[in-house]
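S.K.: File follows, data.cif with mmCIF, C-alpha atoms:
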```
data_protein
loop_
_atom_site.label_atom_id
_atom_site.label_comp_id
_atom_site.auth_asym_id
_atom_site.auth_seq_id
_atom_site.Cartn_x
_atom_site.Cartn_y
_atom_site.Cartn_z
CA MET A 20 -21.23 24.36 -2.49
CA GLU A 21 -23.50 24.21 -5.54
CA TYR A 22 -24.57 21.02 -7.19
CA TYR A 23 -24.10 20.34 -10.87
CA SER A 24 -27.04 21.36 -13.00
CA ASP A 25 -28.48 20.22 -16.33
CA GLU A 26 -27.44 16.74 -17.42
CA LYS A 27 -25.05 16.16 -14.49
CA GLU A 28 -27.81 16.81 -11.98
CA ALA A 29 -29.79 13.92 -13.45
CA LEU A 30 -27.05 11.39 -12.79
CA PRO A 31 -28.17 8.88 -10.14
CA ASP A 32 -26.39 8.76 -6.80
CA MET A 33 -24.08 5.75 -6.59
CA PRO A 34 -23.92 3.68 -3.38
CA VAL A 35 -20.66 3.64 -1.41
CA SER A 36 -19.20 0.17 -0.98
CA PRO A 37 -18.77 -1.30 2.54
CA SER A 38 -15.01 -0.85 2.28
CA GLY A 39 -15.48 2.76 1.17
CA GLN A 40 -17.71 3.46 4.18
CA TYR A 41 -15.22 1.79 6.49
CA PHE A 42 -12.32 3.87 5.14
CA ASN A 43 -14.30 7.06 5.74
CA SER A 44 -15.95 6.45 9.11
CA SER A 45 -15.92 8.46 12.32
CA VAL A 46 -13.17 6.25 13.80
CA PHE A 47 -11.08 5.63 10.71
CA SER A 48 -9.94 7.59 7.67
CA LEU A 49 -7.46 6.14 5.19
CA SER A 50 -5.84 8.09 2.35
CA VAL A 51 -3.35 7.30 -0.39
CA LEU A 52 -0.33 9.56 -0.94
CA ALA A 53 1.24 9.18 -4.40
CA VAL A 54 4.30 11.19 -5.41
CA MET A 55 4.93 11.73 -9.12
CA GLU A 56 8.54 12.74 -9.78
CA PHE A 57 9.44 14.95 -12.76
CA GLU A 58 12.78 15.25 -14.55
CA VAL A 59 12.00 18.84 -15.56
CA PRO A 60 10.78 21.81 -13.48
CA LEU A 61 7.02 22.22 -13.09
CA ASP A 62 6.89 25.97 -13.76
CA ASP A 63 5.16 25.60 -17.13
CA LEU A 64 2.82 22.75 -16.21
CA PRO A 65 -0.82 23.82 -16.90
CA ILE A 66 -2.07 22.03 -13.83
CA MET A 67 -5.50 23.67 -13.62
CA THR A 68 -6.34 22.81 -17.22
CA LEU A 69 -5.07 19.25 -16.87
CA VAL A 70 -7.12 18.61 -13.74
CA GLN A 71 -10.27 20.17 -15.20
CA ASP A 72 -10.09 18.54 -18.63
CA VAL A 73 -8.26 15.27 -17.96
CA PHE A 74 -8.36 14.24 -14.30
CA LEU A 75 -11.93 15.06 -13.24
CA PRO A 76 -13.65 13.31 -16.19
CA ILE A 77 -11.86 10.03 -15.38
CA ASN A 78 -14.39 8.98 -12.75
CA PRO A 79 -17.49 10.63 -11.22
CA ARG A 80 -16.13 9.96 -7.72
CA PHE A 81 -13.53 12.69 -8.23
CA SER A 82 -16.45 15.15 -8.44
CA SER A 83 -18.56 13.63 -5.67
CA ILE A 84 -18.97 13.70 -1.91
CA MET A 85 -20.36 11.11 0.49
CA VAL A 86 -23.85 11.80 1.79
CA GLY A 87 -25.97 9.66 4.09
CA ASP A 88 -29.67 8.92 3.72
CA GLU A 89 -32.21 8.62 6.53
CA ASN A 90 -31.00 5.08 7.22
CA GLY A 91 -27.34 6.07 7.46
CA VAL A 92 -26.46 4.45 4.12
CA LYS A 93 -23.88 6.52 2.25
CA LYS A 94 -23.98 7.39 -1.44
CA TRP A 95 -21.82 9.36 -3.85
CA LYS A 96 -23.38 12.74 -4.72
CA ARG A 97 -22.08 14.80 -7.66
CA VAL A 98 -21.14 18.37 -6.75
CA GLU A 99 -19.39 21.34 -8.29
CA VAL A 100 -15.62 21.24 -7.87
CA ARG A 101 -13.69 24.40 -6.98
CA LEU A 102 -10.17 23.63 -8.14
CA GLU A 103 -8.62 26.23 -5.83
CA ASP A 104 -9.91 24.17 -2.88
CA HIS A 105 -8.04 21.08 -4.05
CA ILE A 106 -4.83 22.21 -5.77
CA LYS A 107 -2.15 23.47 -3.37
CA PHE A 108 1.08 25.37 -4.08
CA PRO A 109 3.12 25.14 -0.86
CA SER A 110 5.98 27.54 -0.24
CA PHE A 111 9.33 26.14 0.93
CA PRO A 112 12.40 28.19 1.96
CA ALA A 113 14.23 29.36 -1.17
CA GLY A 114 17.82 28.68 -2.16
CA MET A 115 18.41 25.61 -0.03
CA SER A 116 20.30 22.38 -0.78
CA LEU A 117 18.81 19.25 -2.39
CA GLU A 118 19.22 17.38 0.89
CA PHE A 119 17.29 20.13 2.69
CA TYR A 120 14.41 19.86 0.22
CA ASP A 121 14.44 16.06 0.55
CA ASN A 122 13.89 16.36 4.29
CA TYR A 123 11.42 19.22 3.90
CA LEU A 124 9.38 17.20 1.40
CA ASN A 125 9.28 14.21 3.75
CA ASP A 126 8.15 16.46 6.60
CA TYR A 127 5.49 17.97 4.34
CA LEU A 128 4.23 14.50 3.43
CA SER A 129 4.08 13.66 7.13
CA LYS A 130 2.07 16.80 7.82
CA ILE A 131 -0.55 16.38 5.11
CA SER A 132 -0.94 12.68 5.91
CA LEU A 133 -2.43 13.69 9.29
CA ASP A 134 -4.99 16.08 7.82
CA ARG A 135 -8.47 14.64 7.35
CA PHE A 136 -10.50 15.54 4.30
CA PRO A 137 -13.46 17.90 4.82
CA GLN A 138 -16.66 15.98 4.12
CA ASN A 139 -18.29 18.78 2.10
CA LYS A 140 -15.74 18.55 -0.73
CA PRO A 141 -14.59 15.74 -3.04
CA LEU A 142 -12.01 13.56 -1.34
CA TRP A 143 -8.79 14.44 -3.16
CA GLU A 144 -6.01 17.02 -3.19
CA LEU A 145 -3.04 17.77 -5.43
CA HIS A 146 0.09 19.44 -4.05
CA MET A 147 2.49 20.95 -6.57
CA ILE A 148 6.08 21.01 -5.24
CA LYS A 149 8.31 23.17 -7.46
CA TYR A 150 11.48 22.70 -5.41
CA PRO A 151 14.15 20.23 -6.61
CA THR A 152 15.14 17.18 -4.58
CA ARG A 153 17.84 14.58 -5.13
CA ASN A 154 15.36 12.43 -7.07
CA ALA A 155 13.42 14.99 -9.10
CA ALA A 156 13.29 18.54 -10.42
CA GLY A 157 9.73 18.79 -9.17
CA ASN A 158 7.06 16.65 -7.50
CA LEU A 159 3.30 16.32 -7.72
CA ILE A 160 1.70 14.85 -4.60
CA PHE A 161 -1.68 13.23 -5.09
CA LYS A 162 -3.60 12.77 -1.87
CA LEU A 163 -6.68 10.66 -2.51
CA HIS A 164 -9.05 9.08 -0.06
CA HIS A 165 -9.00 5.30 -0.19
CA ALA A 166 -12.78 5.31 -0.50
CA LEU A 167 -12.27 6.53 -4.09
CA GLY A 168 -10.52 3.31 -5.08
CA ASP A 169 -7.53 1.07 -4.46
CA GLY A 170 -4.01 1.39 -5.80
CA PHE A 171 -4.79 -0.44 -9.06
CA SER A 172 -7.70 1.92 -9.81
CA LEU A 173 -5.84 5.08 -8.84
CA MET A 174 -2.69 4.13 -10.79
CA GLY A 175 -4.94 3.54 -13.78
CA ALA A 176 -6.32 7.04 -13.28
CA PHE A 177 -2.82 8.55 -13.18
CA LEU A 178 -1.72 6.67 -16.29
CA SER A 179 -4.83 7.82 -18.12
CA CYS A 180 -3.60 11.39 -17.69
CA LEU A 181 -0.36 10.64 -19.55
CA GLN A 182 0.58 10.56 -23.22
CA ARG A 183 3.18 8.56 -25.10
CA ALA A 184 6.36 10.55 -25.75
CA ASP A 185 6.90 8.93 -29.17
CA ASN A 186 3.31 9.41 -30.37
CA PRO A 187 0.93 11.45 -28.16
CA SER A 188 -2.05 10.40 -30.28
CA MET A 189 -1.59 6.76 -29.29
CA PRO A 190 -2.84 5.42 -25.92
CA VAL A 191 -0.38 4.48 -23.21
CA THR A 192 0.31 0.73 -23.28
CA PHE A 193 2.31 -1.70 -21.15
CA PRO A 194 3.39 -5.31 -21.63
CA SER A 195 0.62 -7.67 -20.63
CA HIS A 196 1.13 -10.17 -17.85
CA GLU A 197 0.41 -13.71 -18.94
CA PRO A 198 -0.03 -16.30 -16.19
CA SER A 199 2.49 -19.09 -16.34
CA SER A 200 1.20 -22.35 -17.72
CA ASN A 201 1.08 -25.43 -15.60
CA ARG A 202 4.21 -27.41 -16.25
CA ASP A 203 2.59 -30.70 -15.26
CA GLY A 204 -0.93 -31.19 -16.54
CA LYS A 205 -1.37 -34.26 -14.38
CA GLN A 206 -1.29 -32.11 -11.27
CA ASN A 207 -4.68 -30.69 -12.19
CA GLY A 208 -6.39 -34.00 -11.52
CA ILE A 209 -9.56 -34.39 -9.53
CA PHE A 210 -7.82 -35.49 -6.35
CA ARG A 211 -5.67 -32.36 -6.31
CA CYS A 212 -8.75 -30.18 -6.87
CA VAL A 213 -10.67 -31.89 -4.08
CA GLY A 214 -7.68 -31.43 -1.80
CA ARG A 215 -7.63 -27.73 -2.61
CA VAL A 216 -11.33 -27.40 -1.85
CA PHE A 217 -11.08 -29.01 1.58
CA SER A 218 -7.88 -27.11 2.32
CA GLY A 219 -9.54 -23.86 1.26
CA VAL A 220 -12.56 -24.49 3.49
CA ALA A 221 -10.35 -25.24 6.47
CA ASN A 222 -8.22 -22.17 5.81
CA THR A 223 -11.30 -19.98 5.42
CA VAL A 224 -12.79 -21.04 8.76
CA SER A 225 -9.45 -20.58 10.49
CA ASP A 226 -8.73 -17.19 8.89
CA ILE A 227 -12.18 -15.73 9.55
CA GLY A 228 -11.95 -16.68 13.20
CA SER A 229 -8.41 -15.41 13.46
CA ALA A 230 -9.22 -12.12 11.72
CA LEU A 231 -12.23 -11.41 13.93
CA VAL A 232 -10.32 -12.26 17.09
CA LYS A 233 -7.31 -10.17 16.04
CA SER A 234 -9.46 -7.22 14.97
CA SER A 235 -11.79 -7.19 17.93
CA PHE A 236 -10.50 -8.93 21.03
CA VAL A 237 -6.86 -10.09 21.05
CA THR A 238 -4.01 -7.74 20.18
CA ASP A 239 -0.24 -7.92 20.20
CA GLY A 240 1.43 -6.49 23.28
CA GLN A 241 3.88 -3.63 23.46
CA THR A 242 6.94 -4.26 21.30
CA PRO A 243 9.69 -2.16 19.72
CA ILE A 244 7.37 -1.68 16.70
CA ARG A 245 4.03 -1.35 18.51
CA SER A 246 3.27 1.07 21.31
CA GLY A 247 -0.28 -0.22 21.87
CA GLU A 248 -1.49 3.31 22.57
CA ASP A 249 -4.60 4.99 21.20
CA GLY A 250 -4.46 7.83 18.71
CA VAL A 251 -1.38 6.63 16.81
CA GLU A 252 -2.98 7.73 13.53
CA PHE A 253 -3.04 11.34 14.76
CA ARG A 254 0.64 11.52 15.75
CA PRO A 255 3.48 12.89 13.60
CA CYS A 256 5.16 10.38 11.35
CA ALA A 257 8.41 10.20 9.41
CA ILE A 258 8.58 8.99 5.81
CA THR A 259 11.49 7.73 3.75
CA THR A 260 12.02 5.68 0.59
CA LEU A 261 14.47 2.86 -0.16
CA ALA A 262 15.35 1.53 -3.60
CA PHE A 263 16.45 -2.02 -4.37
CA SER A 264 17.55 -3.52 -7.66
CA LEU A 265 14.62 -5.34 -9.24
CA ASP A 266 17.06 -7.60 -11.10
CA HIS A 267 18.59 -8.68 -7.77
CA ILE A 268 15.12 -9.37 -6.35
CA LYS A 269 14.30 -11.47 -9.41
CA GLN A 270 17.54 -13.41 -8.94
CA ILE A 271 16.49 -14.22 -5.37
CA LYS A 272 13.02 -15.16 -6.65
CA ALA A 273 14.48 -17.57 -9.19
CA LYS A 274 16.78 -19.21 -6.63
CA LEU A 275 14.03 -19.68 -4.05
CA GLY A 276 11.19 -20.58 -6.40
CA VAL A 277 8.84 -17.98 -4.92
CA THR A 278 7.24 -14.76 -6.17
CA VAL A 279 8.64 -11.22 -6.21
CA ASN A 280 6.05 -10.24 -3.60
CA ASP A 281 7.20 -13.13 -1.40
CA VAL A 282 10.80 -11.91 -1.62
CA VAL A 283 9.94 -8.30 -0.78
CA THR A 284 7.56 -9.29 2.02
CA GLY A 285 10.19 -11.66 3.41
CA ILE A 286 12.80 -8.88 3.36
CA ILE A 287 10.46 -6.52 5.21
CA PHE A 288 9.51 -9.14 7.79
CA LEU A 289 13.15 -10.15 8.29
CA GLY A 290 14.23 -6.52 8.60
CA THR A 291 11.44 -5.89 11.10
CA ARG A 292 12.62 -8.78 13.28
CA LEU A 293 16.20 -7.52 13.06
CA TYR A 294 15.00 -4.09 14.21
CA MET A 295 13.08 -5.60 17.10
CA GLN A 296 16.22 -7.44 18.20
CA ALA A 297 18.42 -4.37 17.73
CA SER A 298 16.00 -2.24 19.77
CA SER A 299 16.04 -4.83 22.55
CA SER A 300 19.84 -5.28 22.59
CA SER A 301 20.30 -2.46 25.12
CA SER A 302 18.71 -4.62 27.78
CA SER A 303 21.15 -6.14 30.29
CA HIS A 304 18.96 -9.21 30.71
CA ASP A 305 19.31 -11.76 27.92
CA ASP A 306 15.88 -13.25 28.64
CA LEU A 307 14.19 -9.85 28.34
CA GLN A 308 16.13 -9.09 25.14
CA GLN A 309 15.09 -12.41 23.62
CA GLN A 310 11.49 -11.90 24.72
CA GLN A 311 11.22 -8.44 23.15
CA GLY A 312 13.00 -9.44 19.95
CA ASN A 313 10.75 -12.46 19.48
CA ALA A 314 7.55 -10.94 20.80
CA ASP A 315 4.37 -11.66 18.86
CA ALA A 316 4.05 -9.26 15.94
CA THR A 317 1.26 -9.22 13.38
CA ALA A 318 1.39 -7.58 9.97
CA LEU A 319 -1.74 -6.42 8.19
CA VAL A 320 -0.96 -7.42 4.61
CA VAL A 321 -3.06 -5.95 1.81
CA LEU A 322 -3.74 -8.49 -0.93
CA ASN A 323 -5.19 -7.51 -4.30
CA THR A 324 -8.05 -9.88 -5.10
CA ARG A 325 -8.19 -9.11 -8.82
CA GLY A 326 -6.88 -11.64 -11.31
CA LEU A 327 -4.22 -9.18 -12.47
CA GLY A 328 -3.40 -9.42 -16.15
CA GLY A 329 -1.65 -6.12 -16.76
CA TYR A 330 -2.61 -2.47 -17.21
CA LYS A 331 -6.23 -1.69 -17.98
CA THR A 332 -7.60 1.63 -19.18
CA ILE A 333 -10.21 3.51 -17.19
CA GLY A 334 -12.75 2.71 -19.90
CA GLU A 335 -12.13 -0.99 -19.39
CA MET A 336 -12.31 -0.76 -15.59
CA VAL A 337 -15.68 1.06 -15.48
CA LYS A 338 -17.49 -1.41 -17.73
CA PRO A 339 -20.28 -3.25 -15.84
CA ASP A 340 -18.84 -6.67 -16.75
CA SER A 341 -15.17 -5.74 -16.28
CA LYS A 342 -12.96 -8.53 -14.96
CA MET A 343 -10.79 -5.90 -13.24
CA PRO A 344 -13.30 -3.24 -12.19
CA TRP A 345 -12.75 0.13 -10.58
CA GLY A 346 -13.03 0.29 -6.80
CA ASN A 347 -11.52 -1.34 -3.75
CA HIS A 348 -10.84 -4.98 -4.53
CA PHE A 349 -8.42 -6.26 -1.95
CA ALA A 350 -8.30 -8.11 1.33
CA PHE A 351 -6.66 -7.55 4.69
CA LEU A 352 -4.67 -10.58 5.81
CA HIS A 353 -3.46 -10.88 9.40
CA VAL A 354 -0.02 -12.47 9.05
CA SER A 355 2.08 -13.34 12.06
CA ILE A 356 5.68 -12.29 11.45
CA PRO A 357 7.90 -15.39 11.81
CA LYS A 358 10.23 -15.38 14.79
CA LEU A 359 14.00 -15.74 14.76
CA SER A 360 16.96 -15.33 17.08
CA CYS A 361 20.17 -13.46 16.40
CA ASN A 362 22.97 -16.02 16.37
CA ASN A 363 25.81 -15.80 13.87
CA GLY A 364 23.97 -13.14 11.88
CA VAL A 365 20.49 -14.49 11.19
CA SER A 366 19.34 -17.80 12.60
CA SER A 367 16.58 -19.19 14.71
CA ALA A 368 15.73 -21.82 17.24
CA ASP A 369 12.89 -22.63 14.86
CA GLU A 370 14.44 -24.85 12.19
CA SER A 371 11.99 -23.50 9.60
CA ASN A 372 13.68 -20.09 9.97
CA SER A 373 17.28 -21.22 10.35
CA SER A 374 18.57 -18.95 7.55
CA PRO A 375 17.39 -15.97 5.47
CA ILE A 376 16.40 -18.39 2.70
CA SER A 377 14.28 -20.59 4.96
CA PHE A 378 12.78 -17.48 6.58
CA VAL A 379 11.54 -16.17 3.21
CA LYS A 380 10.32 -19.63 2.17
CA ASN A 381 8.35 -19.76 5.42
CA VAL A 382 6.81 -16.38 4.59
CA HIS A 383 5.93 -17.74 1.14
CA THR A 384 4.18 -20.75 2.73
CA ILE A 385 2.21 -18.53 5.12
CA ILE A 386 1.04 -16.15 2.38
CA LYS A 387 0.19 -19.02 0.03
CA ARG A 388 -1.96 -20.63 2.71
CA LYS A 389 -3.71 -17.33 3.36
CA ARG A 390 -4.40 -16.88 -0.36
CA ASN A 391 -6.02 -20.33 -0.50
CA SER A 392 -8.87 -19.06 1.63
CA ALA A 393 -12.21 -17.49 0.76
CA VAL A 394 -11.59 -14.89 3.46
CA VAL A 395 -9.76 -12.78 0.87
CA TYR A 396 -13.13 -12.28 -0.86
CA LEU A 397 -15.07 -11.51 2.33
CA THR A 398 -13.30 -8.29 3.25
CA GLY A 399 -16.37 -6.15 2.57
CA ARG A 400 -18.54 -8.19 4.92
CA MET A 401 -15.88 -8.28 7.60
CA LEU A 402 -15.28 -4.52 7.35
CA GLU A 403 -18.98 -3.97 7.93
CA ILE A 404 -18.67 -5.96 11.17
CA MET A 405 -15.35 -4.47 12.24
CA ARG A 406 -16.10 -0.83 11.35
CA LYS A 407 -16.56 0.12 15.01
CA PHE A 408 -13.07 -0.98 16.02
CA ARG A 409 -9.93 1.12 15.86
CA GLY A 410 -6.48 -0.21 14.99
CA HIS A 411 -2.98 0.73 16.07
CA GLU A 412 -0.34 1.09 13.38
CA ASN A 413 3.13 2.40 14.19
CA VAL A 414 4.75 1.23 10.95
CA GLY A 415 3.36 1.37 7.41
CA ILE A 416 5.20 0.07 4.34
CA THR A 417 4.23 0.23 0.67
CA MET A 418 6.17 -0.81 -2.41
CA MET A 419 6.18 -0.24 -6.16
CA SER A 420 8.44 -1.48 -8.95
CA TYR A 421 9.44 1.09 -11.56
CA ALA A 422 12.30 1.55 -14.04
CA GLY A 423 14.27 -1.44 -12.78
CA LYS A 424 13.93 -0.49 -9.11
CA MET A 425 11.76 -1.71 -6.27
CA ARG A 426 10.82 1.44 -4.35
CA VAL A 427 9.88 0.74 -0.73
CA THR A 428 8.29 3.58 1.21
CA ILE A 429 8.44 3.39 5.00
CA ARG A 430 6.26 5.44 7.35
CA ILE A 431 6.90 5.26 11.09
CA GLU A 432 5.67 7.05 14.19
CA LYS A 433 8.09 9.81 15.15
CA GLY A 434 9.57 9.54 18.60
CA PHE A 435 8.74 5.86 18.97
CA ILE A 436 10.58 4.08 16.14
CA ASP A 437 14.10 5.05 15.05
CA LEU A 438 13.75 5.56 11.30
CA GLN A 439 17.45 5.35 10.52
CA THR A 440 17.88 2.09 12.43
CA PHE A 441 14.72 0.60 10.95
CA THR A 442 15.73 1.37 7.35
CA SER A 443 19.23 0.06 8.07
CA CYS A 444 17.72 -3.24 9.25
CA ILE A 445 15.61 -3.51 6.07
CA GLU A 446 18.72 -2.92 3.94
CA ASN A 447 20.65 -5.46 6.00
CA ALA A 448 17.88 -8.02 5.50
CA PHE A 449 18.14 -7.54 1.73
CA ASP A 450 21.92 -7.84 1.80
CA VAL A 451 22.03 -11.06 3.86
CA LEU A 452 19.25 -12.64 1.79
CA PHE A 453 20.94 -11.78 -1.53
CA LYS A 454 24.26 -13.07 -0.24
CA ASP A 455 22.72 -16.29 1.10
CA ALA A 456 20.47 -16.98 -1.90
CA VAL A 457 22.59 -15.81 -4.83
CA GLN A 458 26.22 -15.21 -3.97
CA ASN A 459 26.67 -18.20 -1.65
CA THR A 460 24.56 -20.66 -3.64
CA PRO A 461 26.61 -22.93 -5.93
CA PRO A 462 25.51 -22.98 -9.57
CA SER A 463 23.28 -25.83 -10.67
CA ASN A 464 24.85 -28.70 -12.65
CA SER A 465 21.80 -28.95 -14.87
#
```
Can you present the structure in this file as structure tokens?
M.R.:
Amino acid sequence: MEYYSDEKEALPDMPVSPSGQYFNSSVFSLSVLAVMEFEVPLDDLPIMTLVQDVFLPINPRFSSIMVGDENGVKKWKRVEVRLEDHIKFPSFPAGMSLEFYDNYLNDYLSKISLDRFPQNKPLWELHMIKYPTRNAAGNLIFKLHHALGDGFSLMGAFLSCLQRADNPSMPVTFPSHEPSSNRDGKQNGIFRCVGRVFSGVANTVSDIGSALVKSSFVTDGQTPIRSGEDGVEFRPCAITTLAFSLDHIKQIKAKLGVTVNDVVTGIIFLGTRLYMQASSSSSSHDDLQQQQGNADATALVVLNTRGLGGYKTIGEMVKPDSKMPWGNHFAFLHVSIPKLSCNNGVSSADESNSSPISFVKNVHTIIKRKRNSAVVYLTGRMLEIMRKFRGHENVGITMMSYAGKMRVTIRIEKGFIDLQTFTSCIENAFDVLFKDAVQNTPPSNS
């Protein structure tokens, strides 16, 4: 591989952040798979030209590799990019049904998710799928190493490649997100602020200790969602996507007085508990069934630490003083999944989780407490400490809202978790929560 010459050769090498080094270490490699669905076939898409002229100039990291100095410190080094090494045109069987291509695409995603990036080439790939599925006439799969940036950065990169349909000369814009104003100014008094400070300090000490213990010494036992075995990240996985009405989620949000993220996280946690109970129901011993269904389970929740205010262009993100800069700006939060018991649908011996509504409100309380902790800003330091340790993840879930839908992507370990049952439990959790929060709640008299 030849390095850039002339002016590009003179560009200084940029240091790799602690999180970037952690994501690309000898024991851990984390990538992002993003699928862009097209309404029209991709036969005429000038992909090579678009990547060369639009995608690569977005950020120098797309044309760089990681190199280590004599002290083992990694930096980004600009290199020449051979597009044929990065852009793939897979061949699927011809003339098959849409359902066949749906399954084939999911299997293909599973396959490429296991492949590690070669370290002598920039850490990205683009897979052009020209076969129609039930959701699209064609698909572009972006596989990008997480060391390049987080979801906010990478989505900004994707959007920078697009043009407005009504006026291509105008930049792509989105409605800005304005934080809600405080409805009671008196609540911002000094006593409330002091209380927050002391609460934040206590939460920080507790969360740092808990995170280090969870990451290094104490782990959950074997459960229906956790095998506890080594090498899970190298085993085949199955991937599927669910879609929920964003309007329905917002209705639940309004009824419960929580956030959209709280609702979706609560649905996922509730569905996970329902799956654990369903997987344990084959046991003939009630005590064993209850023990497995309510076994300790910890979710690793990724929390964006930016003060999100809406879409930002790449130019805005790469400014030295940017309030929402490019890179990895998020925290890992260890969140214990609340326990429940299956009695008359969804209930619990714990009164705080006696219904779907109270379960989600409990999740909201847990996440809110975690957010009021400086540990969310210490992820880089903690990753530097924890880089030697390997995790076990049998289930991975991501979500994105788009065009009135909340798309939830589920990735599970094949042969260990039943994908159909798991997705059914997630859908059931949504249904019982919507029914309990919206359909069964009497209208307010106010």
S.K.: Rounded to one decimal, what separation in Å do you get between atom CA of Trp143 of chain A and atom CA of Leu167 of chain A?
M.R.: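 Computing the Euclidean distance for atom CA of Trp143 of chain A and atom CA of Leu167 of chain A yields 8.7 Å.
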S.K.: With the file shown as input, list the residues that the PyMOL selection byres ((chain A and resi 161) around 7) selects, as number ranges by chain.
M.R.: A: 52-54, 144-146, 159-160, 162-163
S.K.: Hey, what comes out of the PyMOL selection byres ((chain A and resi 273-275) around 8) on this file? Could you write it as a PyMOL selection string?
M.R.: chain A and resi 269-272+276-277+376+380+456-457
S.K.: Which neighbours of Glu118 of chain A fall inside 10 Å, counting all atoms listed in the file, when residues of the same chain fewer than 3 positions from it are skipped, and could you give them as an mmCIF file with C-alpha atoms, keeping the file's coordinate frame?
M.R.:
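Okay, this is what ended up in out-v1.cif:
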```cif
data_model
loop_
_atom_site.group_PDB
_atom_site.id
_atom_site.type_symbol
_atom_site.label_atom_id
_atom_site.label_comp_id
_atom_site.auth_asym_id
_atom_site.auth_seq_id
_atom_site.Cartn_x
_atom_site.Cartn_y
_atom_site.Cartn_z
ATOM 1 C CA MET A 115 18.410 25.610 -0.030
ATOM 2 C CA ASP A 121 14.440 16.060 0.550
ATOM 3 C CA ASN A 122 13.890 16.360 4.290
ATOM 4 C CA TYR A 123 11.420 19.220 3.900
ATOM 5 C CA LEU A 124 9.380 17.200 1.400
ATOM 6 C CA PRO A 151 14.150 20.230 -6.610
ATOM 7 C CA THR A 152 15.140 17.180 -4.580
ATOM 8 C CA ARG A 153 17.840 14.580 -5.130
#
```
S.K.: Suppose a student applies the PyMOL selection byres ((chain A and resi 142) around 9) to this structure; what residues should they get, written as a ChimeraX atom specification?
M.R.: /A:80-85,105,136-141,143-144,162-167
S.K.: Counting all atoms listed in the file, what is within 7 Å of Asn158 of chain A, bar same-chain residues fewer than 2 positions away, as a ChimeraX atom specification?
M.R.: /A:54-57,147-149,155,160
S.K.: Can you write out the residues you just picked, keeping C-alpha atoms, as a PDB file, in the frame of the given file?
M.R.:
```pdb
ATOM      1  CA  VAL A  54       4.300  11.190  -5.410  1.00  0.00           C
ATOM      2  CA  MET A  55       4.930  11.730  -9.120  1.00  0.00           C
ATOM      3  CA  GLU A  56       8.540  12.740  -9.780  1.00  0.00           C
ATOM      4  CA  PHE A  57       9.440  14.950 -12.760  1.00  0.00           C
ATOM      5  CA  MET A 147       2.490  20.950  -6.570  1.00  0.00           C
ATOM      6  CA  ILE A 148       6.080  21.010  -5.240  1.00  0.00           C
ATOM      7  CA  LYS A 149       8.310  23.170  -7.460  1.00  0.00           C
ATOM      8  CA  ALA A 155      13.420  14.990  -9.100  1.00  0.00           C
ATOM      9  CA  ILE A 160       1.700  14.850  -4.600  1.00  0.00           C
TER      10      ILE A 160
END
```
S.K.: Under the rule that all atoms listed in the file are counted, which of A:Ser129, A:Ser443, A:Gln182, A:Ser246 is the nearest residue to Ile258 of chain A?
M.R.: A:Ser129
S.K.: Please check which residues have atoms at most 12 Å from (0.7, 9.4, 16.5) in the file's coordinates, counting all atoms listed in the file, and write them as a ChimeraX atom specification.
M.R.: /A:129-130,132-133,245-257,411-414,430-436
S.K.: Using C-alpha atoms, can you write the selected residues to a file as a short mmCIF file (atom, residue, chain, number, x, y, z; two decimals), in the frame of the given file?
M.R.:
```cif
data_model
loop_
_atom_site.label_atom_id
_atom_site.label_comp_id
_atom_site.auth_asym_id
_atom_site.auth_seq_id
_atom_site.Cartn_x
_atom_site.Cartn_y
_atom_site.Cartn_z
CA SER A 129 4.08 13.66 7.13
CA LYS A 130 2.07 16.80 7.82
CA SER A 132 -0.94 12.68 5.91
CA LEU A 133 -2.43 13.69 9.29
CA ARG A 245 4.03 -1.35 18.51
CA SER A 246 3.27 1.07 21.31
CA GLY A 247 -0.28 -0.22 21.87
CA GLU A 248 -1.49 3.31 22.57
CA ASP A 249 -4.60 4.99 21.20
CA GLY A 250 -4.46 7.83 18.71
CA VAL A 251 -1.38 6.63 16.81
CA GLU A 252 -2.98 7.73 13.53
CA PHE A 253 -3.04 11.34 14.76
CA ARG A 254 0.64 11.52 15.75
CA PRO A 255 3.48 12.89 13.60
CA CYS A 256 5.16 10.38 11.35
CA ALA A 257 8.41 10.20 9.41
CA HIS A 411 -2.98 0.73 16.07
CA GLU A 412 -0.34 1.09 13.38
CA ASN A 413 3.13 2.40 14.19
CA VAL A 414 4.75 1.23 10.95
CA ARG A 430 6.26 5.44 7.35
CA ILE A 431 6.90 5.26 11.09
CA GLU A 432 5.67 7.05 14.19
CA LYS A 433 8.09 9.81 15.15
CA GLY A 434 9.57 9.54 18.60
CA PHE A 435 8.74 5.86 18.97
CA ILE A 436 10.58 4.08 16.14
#
```
S.K.: For each of A:Ala113, A:Leu49, A:Met33, A:Met425, take the minimum atom-to-atom distance to His267 of chain A, counting all atoms listed in the file, then give the residue where this is smallest.
M.R.: A:Met425
S.K.: One decimal, Å: what's the distance from atom CA of Trp95 of chain A over to atom CA of Asp32 of chain A, could you say?
M.R.: 5.5 Å
S.K.: Pick out the closest residue to Phe74 of chain A from this set: A:Asn90, A:Ser179, A:Gln241, A:Thr440. Count only C-alpha atoms.
M.R.: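 Looking at the shortest contact to Phe74 of chain A, the residue is A:Ser179.
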S.K.: Do you know which residues lie at most 6 Å from (-6.5, 11.7, -15.2), with coordinates as in the file and only C-alpha atoms counted, and could you write them as a ChimeraX atom specification?
M.R.: /A:73-74,77,176-177,179-180
S.K.: Have a look at A:Arg426, A:His348, A:Arg135, A:Lys389 and name the one nearest to Gly168 of chain A; count all atoms listed in the file.
M.R.: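 That would be A:His348, the residue with the smallest distance to Gly168 of chain A.
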